[in-house]
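Visitor: Mind having a look at this structure? Questions to follow.
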Amino acid sequence: MNGEAAYTLDTLRAVDPAVRADVLRVLDRVVRDLPGRWSRGRGVPQLMVSLDGHGGARTERTGLRELSRHGYLDELHRWIDAVPWDKAREHGCAALVYGDRIHARINRIGPYGAPRFVPDTHAHVRLAHRDVRGTLGFAFPFRTEGRLFPRLVFHAWVAGTLERARPR
């Protein structure tokens, strides 16, 4: 098991089993929905994933304008936890998903955001639950497959780690 998988598993096992079930529903939705919303040119989109109240989770696209309500975009590291907390108060559990090149997209290198030759390599997830103090942070690495029609594929340990973290 690699270091990222061990960290993810330890973090998930450290929370209460009832909370962990909610967290895993949100993380499962991230892993299931992100490949369909990713594009090579734009990278990992900013998404908000929250519980829907019917035993599942839903994914919504969130823009930089919505994120800027919480603080200055160039100081993302200072207020990143506030974004999922707002949704978690309402929905119980919520996560903000973004790529590791989000700062280049905010600062707009060129007219199109981040340059193509430096793509995202991780999907970062900041997750908040109303019964947990603080936020949980995860980084899921991925690779791309296909040249003509590229697609995002998470490393095999991501699904395996989420499966191993389920309460028995």
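Chains: A, B, ... in order of the structure tokens. Residues: from 1 per chain. Ligands: from 1, in order shown.
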Please list as a PDB file with C-alpha atoms, in the first residue's frame every residue within 7 Å of stretch 81-91 of chain A, counting only C-alpha atoms and excluding residues in the same chain fewer than 6 positions away.

Guide:
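Full text of out_38.pdb as output:
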```
ATOM      1  CA  SER A  50     -23.268  16.931  -1.319  1.00  0.00           C
ATOM      2  CA  LEU A  51     -25.756  14.466   0.123  1.00  0.00           C
ATOM      3  CA  ASP A  52     -29.158  14.670  -1.528  1.00  0.00           C
ATOM      4  CA  HIS A  70     -15.769  33.277   0.681  1.00  0.00           C
ATOM      5  CA  ARG A 126     -12.015  19.155   0.825  1.00  0.00           C
ATOM      6  CA  LEU A 127     -14.833  17.494   2.722  1.00  0.00           C
ATOM      7  CA  ALA A 128     -16.916  18.754   5.643  1.00  0.00           C
ATOM      8  CA  HIS A 129     -19.493  16.922   7.767  1.00  0.00           C
ATOM      9  CA  ARG A 130     -21.718  18.643  10.286  1.00  0.00           C
ATOM     10  CA  THR A 135     -12.481  19.344   7.330  1.00  0.00           C
TER      11      THR A 135
END
```

Visitor: Between atom CA of A:Pro35 and atom CA of A:Leu64, what is the spacing in Å?

Guide: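 Computing it gives 20.4 Å between the two atoms.
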
Visitor: Produce a table with one row for each residue of stretch 51-149 of chain A that has an atom at most 12 Å from any atom of stretch 4-14 of chain A, each row naming the nearest atom pair and its distance in Å at one decimal; use only C-alpha atoms; arrange rows by chain and rising residue number; format as a tab-separated table.

Guide:
```
residue	atom	partner	partner_atom	distance
A:His122	CA	A:Glu4	CA	11.4
A:Val125	CA	A:Thr8	CA	11.3
A:Leu127	CA	A:Leu12	CA	11.4
A:Val132	CA	A:Ala14	CA	10.8
A:Thr135	CA	A:Thr11	CA	10.9
A:Leu136	CA	A:Thr11	CA	7.7
A:Gly137	CA	A:Thr8	CA	8.8
A:Phe138	CA	A:Thr8	CA	6.7
A:Ala139	CA	A:Glu4	CA	7.8
A:Phe140	CA	A:Glu4	CA	8.1
A:Pro141	CA	A:Glu4	CA	9.0
```

Visitor: Could the residues in this selection be saved with N, CA, C and O atoms as a PDB file, in the first residue's frame?

Guide:
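Okay, this is what ended up in again13.pdb:
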```pdb
ATOM      1  N   HIS A 122      -3.822  15.436  -9.876  1.00  0.00           N
ATOM      2  CA  HIS A 122      -4.587  14.988  -8.712  1.00  0.00           C
ATOM      3  C   HIS A 122      -5.928  15.710  -8.670  1.00  0.00           C
ATOM      4  O   HIS A 122      -6.027  16.870  -9.055  1.00  0.00           O
ATOM      5  N   VAL A 125      -9.927  16.953  -2.785  1.00  0.00           N
ATOM      6  CA  VAL A 125     -11.265  16.941  -2.198  1.00  0.00           C
ATOM      7  C   VAL A 125     -11.165  17.505  -0.787  1.00  0.00           C
ATOM      8  O   VAL A 125     -10.419  16.988   0.043  1.00  0.00           O
ATOM      9  N   LEU A 127     -13.552  18.035   2.326  1.00  0.00           N
ATOM     10  CA  LEU A 127     -14.833  17.494   2.722  1.00  0.00           C
ATOM     11  C   LEU A 127     -15.187  17.938   4.135  1.00  0.00           C
ATOM     12  O   LEU A 127     -14.326  17.917   5.012  1.00  0.00           O
ATOM     13  N   VAL A 132     -18.432  16.506  12.340  1.00  0.00           N
ATOM     14  CA  VAL A 132     -16.975  16.417  12.473  1.00  0.00           C
ATOM     15  C   VAL A 132     -16.408  17.821  12.563  1.00  0.00           C
ATOM     16  O   VAL A 132     -16.749  18.690  11.761  1.00  0.00           O
ATOM     17  N   THR A 135     -12.201  19.961   8.618  1.00  0.00           N
ATOM     18  CA  THR A 135     -12.481  19.344   7.330  1.00  0.00           C
ATOM     19  C   THR A 135     -11.499  18.208   7.079  1.00  0.00           C
ATOM     20  O   THR A 135     -10.428  18.151   7.679  1.00  0.00           O
ATOM     21  N   LEU A 136     -11.896  17.324   6.197  1.00  0.00           N
ATOM     22  CA  LEU A 136     -11.033  16.222   5.784  1.00  0.00           C
ATOM     23  C   LEU A 136     -10.502  16.549   4.399  1.00  0.00           C
ATOM     24  O   LEU A 136     -11.246  17.018   3.543  1.00  0.00           O
ATOM     25  N   GLY A 137      -9.243  16.291   4.175  1.00  0.00           N
ATOM     26  CA  GLY A 137      -8.646  16.577   2.877  1.00  0.00           C
ATOM     27  C   GLY A 137      -8.097  15.314   2.237  1.00  0.00           C
ATOM     28  O   GLY A 137      -7.444  14.506   2.904  1.00  0.00           O
ATOM     29  N   PHE A 138      -8.393  15.128   0.967  1.00  0.00           N
ATOM     30  CA  PHE A 138      -7.917  13.973   0.217  1.00  0.00           C
ATOM     31  C   PHE A 138      -7.372  14.441  -1.118  1.00  0.00           C
ATOM     32  O   PHE A 138      -7.806  15.455  -1.648  1.00  0.00           O
ATOM     33  N   ALA A 139      -6.442  13.678  -1.663  1.00  0.00           N
ATOM     34  CA  ALA A 139      -5.914  13.941  -3.003  1.00  0.00           C
ATOM     35  C   ALA A 139      -5.875  12.601  -3.733  1.00  0.00           C
ATOM     36  O   ALA A 139      -5.172  11.680  -3.303  1.00  0.00           O
ATOM     37  N   PHE A 140      -6.653  12.492  -4.794  1.00  0.00           N
ATOM     38  CA  PHE A 140      -6.722  11.252  -5.562  1.00  0.00           C
ATOM     39  C   PHE A 140      -5.966  11.425  -6.877  1.00  0.00           C
ATOM     40  O   PHE A 140      -6.380  12.201  -7.730  1.00  0.00           O
ATOM     41  N   PRO A 141      -4.856  10.699  -7.058  1.00  0.00           N
ATOM     42  CA  PRO A 141      -4.113  10.815  -8.315  1.00  0.00           C
ATOM     43  C   PRO A 141      -4.852  10.107  -9.450  1.00  0.00           C
ATOM     44  O   PRO A 141      -5.610   9.164  -9.225  1.00  0.00           O
TER      45      PRO A 141
END
```

Visitor: Within 7 Å of stretch 37-46 of chain A, counting only C-alpha atoms, which residues show up once you throw out same-chain ones fewer than 3 positions away? Write them as a list in words, please.

Guide: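 My reading of the contact set: Asp33, Leu34, Arg61, Thr62, Gly63, Val97, Tyr98, Gly99, Arg116, Pro119, Asp120, Ala123 and Leu152 of chain A.
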
Visitor: Keeping only N, CA and C atoms, write the selected residues as an mmCIF file, in the first residue's frame.

Guide:
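And here is the file that came out, selection-v5.cif:
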```cif
data_model
loop_
_atom_site.group_PDB
_atom_site.id
_atom_site.type_symbol
_atom_site.label_atom_id
_atom_site.label_comp_id
_atom_site.auth_asym_id
_atom_site.auth_seq_id
_atom_site.Cartn_x
_atom_site.Cartn_y
_atom_site.Cartn_z
ATOM 1 N N ASP A 33 -18.363 10.450 -10.790
ATOM 2 C CA ASP A 33 -18.761 11.558 -11.674
ATOM 3 C C ASP A 33 -17.606 12.320 -12.302
ATOM 4 N N LEU A 34 -16.478 12.405 -11.617
ATOM 5 C CA LEU A 34 -15.395 13.247 -12.119
ATOM 6 C C LEU A 34 -14.876 12.828 -13.495
ATOM 7 N N ARG A 61 -21.722 21.763 -10.526
ATOM 8 C CA ARG A 61 -20.546 22.534 -10.937
ATOM 9 C C ARG A 61 -20.572 23.858 -10.185
ATOM 10 N N THR A 62 -19.446 24.281 -9.695
ATOM 11 C CA THR A 62 -19.353 25.554 -9.002
ATOM 12 C C THR A 62 -18.270 26.384 -9.690
ATOM 13 N N GLY A 63 -18.522 27.638 -9.834
ATOM 14 C CA GLY A 63 -17.591 28.494 -10.550
ATOM 15 C C GLY A 63 -16.724 29.311 -9.619
ATOM 16 N N VAL A 97 -14.413 19.837 -4.845
ATOM 17 C CA VAL A 97 -13.443 19.105 -5.663
ATOM 18 C C VAL A 97 -12.783 20.092 -6.608
ATOM 19 N N TYR A 98 -11.464 20.014 -6.709
ATOM 20 C CA TYR A 98 -10.726 20.899 -7.613
ATOM 21 C C TYR A 98 -9.414 20.225 -7.978
ATOM 22 N N GLY A 99 -8.806 20.693 -9.034
ATOM 23 C CA GLY A 99 -7.542 20.134 -9.486
ATOM 24 C C GLY A 99 -6.357 20.829 -8.854
ATOM 25 N N ARG A 116 -2.003 23.822 -21.392
ATOM 26 C CA ARG A 116 -2.247 22.400 -21.602
ATOM 27 C C ARG A 116 -1.042 21.533 -21.271
ATOM 28 N N PRO A 119 -0.750 19.647 -17.087
ATOM 29 C CA PRO A 119 -2.109 19.252 -16.702
ATOM 30 C C PRO A 119 -2.235 18.935 -15.210
ATOM 31 N N ASP A 120 -3.480 18.834 -14.755
ATOM 32 C CA ASP A 120 -3.752 18.360 -13.400
ATOM 33 C C ASP A 120 -3.274 16.921 -13.293
ATOM 34 N N ALA A 123 -6.920 15.017 -8.159
ATOM 35 C CA ALA A 123 -8.199 15.637 -7.832
ATOM 36 C C ALA A 123 -8.199 15.836 -6.317
ATOM 37 N N LEU A 152 -10.187 10.353 -18.046
ATOM 38 C CA LEU A 152 -9.558 10.324 -16.737
ATOM 39 C C LEU A 152 -9.797 8.962 -16.116
#
```

Visitor: Enter the distance from atom CA of A:Glu163 to atom CA of A:Leu24, in Å, rounded to one decimal.

Guide: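 A separation of 8.8 Å between them.
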
Visitor: Write down as a PDB file with N, CA and C atoms, in the first residue's frame the residues belonging to stretch 31-136 of chain A that are assigned strand (DSSP E or B) by DSSP computed on the backbone.

Guide:
```pdb
ATOM      1  N   SER A  39     -11.938  17.287 -18.648  1.00  0.00           N
ATOM      2  CA  SER A  39     -11.493  17.425 -20.026  1.00  0.00           C
ATOM      3  C   SER A  39     -10.008  17.751 -20.013  1.00  0.00           C
ATOM      4  N   GLY A  43      -8.991  20.524 -17.550  1.00  0.00           N
ATOM      5  CA  GLY A  43      -8.569  19.833 -16.336  1.00  0.00           C
ATOM      6  C   GLY A  43      -9.741  19.466 -15.446  1.00  0.00           C
ATOM      7  N   LEU A  47     -16.108  21.353  -8.511  1.00  0.00           N
ATOM      8  CA  LEU A  47     -17.398  20.723  -8.271  1.00  0.00           C
ATOM      9  C   LEU A  47     -17.741  20.773  -6.795  1.00  0.00           C
ATOM     10  N   MET A  48     -19.041  20.807  -6.508  1.00  0.00           N
ATOM     11  CA  MET A  48     -19.536  20.670  -5.149  1.00  0.00           C
ATOM     12  C   MET A  48     -20.365  19.394  -5.112  1.00  0.00           C
ATOM     13  N   VAL A  49     -19.992  18.473  -4.257  1.00  0.00           N
ATOM     14  CA  VAL A  49     -20.707  17.206  -4.117  1.00  0.00           C
ATOM     15  C   VAL A  49     -21.297  17.184  -2.718  1.00  0.00           C
ATOM     16  N   SER A  50     -22.610  16.929  -2.622  1.00  0.00           N
ATOM     17  CA  SER A  50     -23.268  16.931  -1.319  1.00  0.00           C
ATOM     18  C   SER A  50     -24.307  15.822  -1.265  1.00  0.00           C
ATOM     19  N   LEU A  51     -24.702  15.465  -0.045  1.00  0.00           N
ATOM     20  CA  LEU A  51     -25.756  14.466   0.123  1.00  0.00           C
ATOM     21  C   LEU A  51     -27.069  15.043  -0.376  1.00  0.00           C
ATOM     22  N   ALA A  57     -25.932  11.039  -3.309  1.00  0.00           N
ATOM     23  CA  ALA A  57     -25.240  12.319  -3.353  1.00  0.00           C
ATOM     24  C   ALA A  57     -25.431  12.931  -4.733  1.00  0.00           C
ATOM     25  N   ARG A  58     -25.281  14.238  -4.811  1.00  0.00           N
ATOM     26  CA  ARG A  58     -25.414  14.913  -6.099  1.00  0.00           C
ATOM     27  C   ARG A  58     -24.190  15.781  -6.348  1.00  0.00           C
ATOM     28  N   THR A  59     -23.929  16.000  -7.616  1.00  0.00           N
ATOM     29  CA  THR A  59     -22.774  16.778  -8.038  1.00  0.00           C
ATOM     30  C   THR A  59     -23.250  18.032  -8.756  1.00  0.00           C
ATOM     31  N   GLU A  60     -22.708  19.177  -8.371  1.00  0.00           N
ATOM     32  CA  GLU A  60     -23.025  20.454  -9.016  1.00  0.00           C
ATOM     33  C   GLU A  60     -21.715  21.130  -9.397  1.00  0.00           C
ATOM     34  N   ARG A  61     -21.722  21.763 -10.526  1.00  0.00           N
ATOM     35  CA  ARG A  61     -20.546  22.534 -10.937  1.00  0.00           C
ATOM     36  C   ARG A  61     -20.572  23.858 -10.185  1.00  0.00           C
ATOM     37  N   CYS A  93     -23.306  16.655   4.681  1.00  0.00           N
ATOM     38  CA  CYS A  93     -21.948  16.349   4.252  1.00  0.00           C
ATOM     39  C   CYS A  93     -21.751  16.919   2.853  1.00  0.00           C
ATOM     40  N   ALA A  94     -20.628  17.583   2.632  1.00  0.00           N
ATOM     41  CA  ALA A  94     -20.371  18.187   1.326  1.00  0.00           C
ATOM     42  C   ALA A  94     -18.872  18.223   1.068  1.00  0.00           C
ATOM     43  N   ALA A  95     -18.515  18.226  -0.206  1.00  0.00           N
ATOM     44  CA  ALA A  95     -17.113  18.249  -0.592  1.00  0.00           C
ATOM     45  C   ALA A  95     -16.911  19.204  -1.756  1.00  0.00           C
ATOM     46  N   LEU A  96     -15.801  19.935  -1.711  1.00  0.00           N
ATOM     47  CA  LEU A  96     -15.366  20.757  -2.821  1.00  0.00           C
ATOM     48  C   LEU A  96     -14.265  19.990  -3.538  1.00  0.00           C
ATOM     49  N   VAL A  97     -14.413  19.837  -4.845  1.00  0.00           N
ATOM     50  CA  VAL A  97     -13.443  19.105  -5.663  1.00  0.00           C
ATOM     51  C   VAL A  97     -12.783  20.092  -6.608  1.00  0.00           C
ATOM     52  N   TYR A  98     -11.464  20.014  -6.709  1.00  0.00           N
ATOM     53  CA  TYR A  98     -10.726  20.899  -7.613  1.00  0.00           C
ATOM     54  C   TYR A  98      -9.414  20.225  -7.978  1.00  0.00           C
ATOM     55  N   GLY A  99      -8.806  20.693  -9.034  1.00  0.00           N
ATOM     56  CA  GLY A  99      -7.542  20.134  -9.486  1.00  0.00           C
ATOM     57  C   GLY A  99      -6.357  20.829  -8.854  1.00  0.00           C
ATOM     58  N   HIS A 122      -3.822  15.436  -9.876  1.00  0.00           N
ATOM     59  CA  HIS A 122      -4.587  14.988  -8.712  1.00  0.00           C
ATOM     60  C   HIS A 122      -5.928  15.710  -8.670  1.00  0.00           C
ATOM     61  N   ALA A 123      -6.920  15.017  -8.159  1.00  0.00           N
ATOM     62  CA  ALA A 123      -8.199  15.637  -7.832  1.00  0.00           C
ATOM     63  C   ALA A 123      -8.199  15.836  -6.317  1.00  0.00           C
ATOM     64  N   HIS A 124      -8.261  17.077  -5.878  1.00  0.00           N
ATOM     65  CA  HIS A 124      -8.254  17.380  -4.454  1.00  0.00           C
ATOM     66  C   HIS A 124      -9.686  17.497  -3.962  1.00  0.00           C
ATOM     67  N   VAL A 125      -9.927  16.953  -2.785  1.00  0.00           N
ATOM     68  CA  VAL A 125     -11.265  16.941  -2.198  1.00  0.00           C
ATOM     69  C   VAL A 125     -11.165  17.505  -0.787  1.00  0.00           C
ATOM     70  N   ARG A 126     -11.890  18.599  -0.528  1.00  0.00           N
ATOM     71  CA  ARG A 126     -12.015  19.155   0.825  1.00  0.00           C
ATOM     72  C   ARG A 126     -13.424  18.839   1.274  1.00  0.00           C
ATOM     73  N   LEU A 127     -13.552  18.035   2.326  1.00  0.00           N
ATOM     74  CA  LEU A 127     -14.833  17.494   2.722  1.00  0.00           C
ATOM     75  C   LEU A 127     -15.187  17.938   4.135  1.00  0.00           C
ATOM     76  N   ALA A 128     -16.431  18.338   4.328  1.00  0.00           N
ATOM     77  CA  ALA A 128     -16.916  18.754   5.643  1.00  0.00           C
ATOM     78  C   ALA A 128     -18.167  17.957   5.981  1.00  0.00           C
ATOM     79  N   HIS A 129     -18.301  17.606   7.251  1.00  0.00           N
ATOM     80  CA  HIS A 129     -19.493  16.922   7.767  1.00  0.00           C
ATOM     81  C   HIS A 129     -19.930  17.673   9.003  1.00  0.00           C
ATOM     82  N   THR A 135     -12.201  19.961   8.618  1.00  0.00           N
ATOM     83  CA  THR A 135     -12.481  19.344   7.330  1.00  0.00           C
ATOM     84  C   THR A 135     -11.499  18.208   7.079  1.00  0.00           C
ATOM     85  N   LEU A 136     -11.896  17.324   6.197  1.00  0.00           N
ATOM     86  CA  LEU A 136     -11.033  16.222   5.784  1.00  0.00           C
ATOM     87  C   LEU A 136     -10.502  16.549   4.399  1.00  0.00           C
TER      88      LEU A 136
END
```

Visitor: Name the residues of stretch 60-151 of chain A that come out as alpha helix (DSSP H) in a backbone DSSP run; write them as a PyMOL selection string.

Guide: chain A and resi 64-67+76-79+82-91+102-107

Visitor: I need the residue nearest A:Ala18 from this list: A:Glu145, A:Asp131, A:Ala156, A:Arg151. Use only C-alpha atoms for the distance.

Guide: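 Counting only C-alpha atoms, the residue closest to A:Ala18 is A:Asp131.
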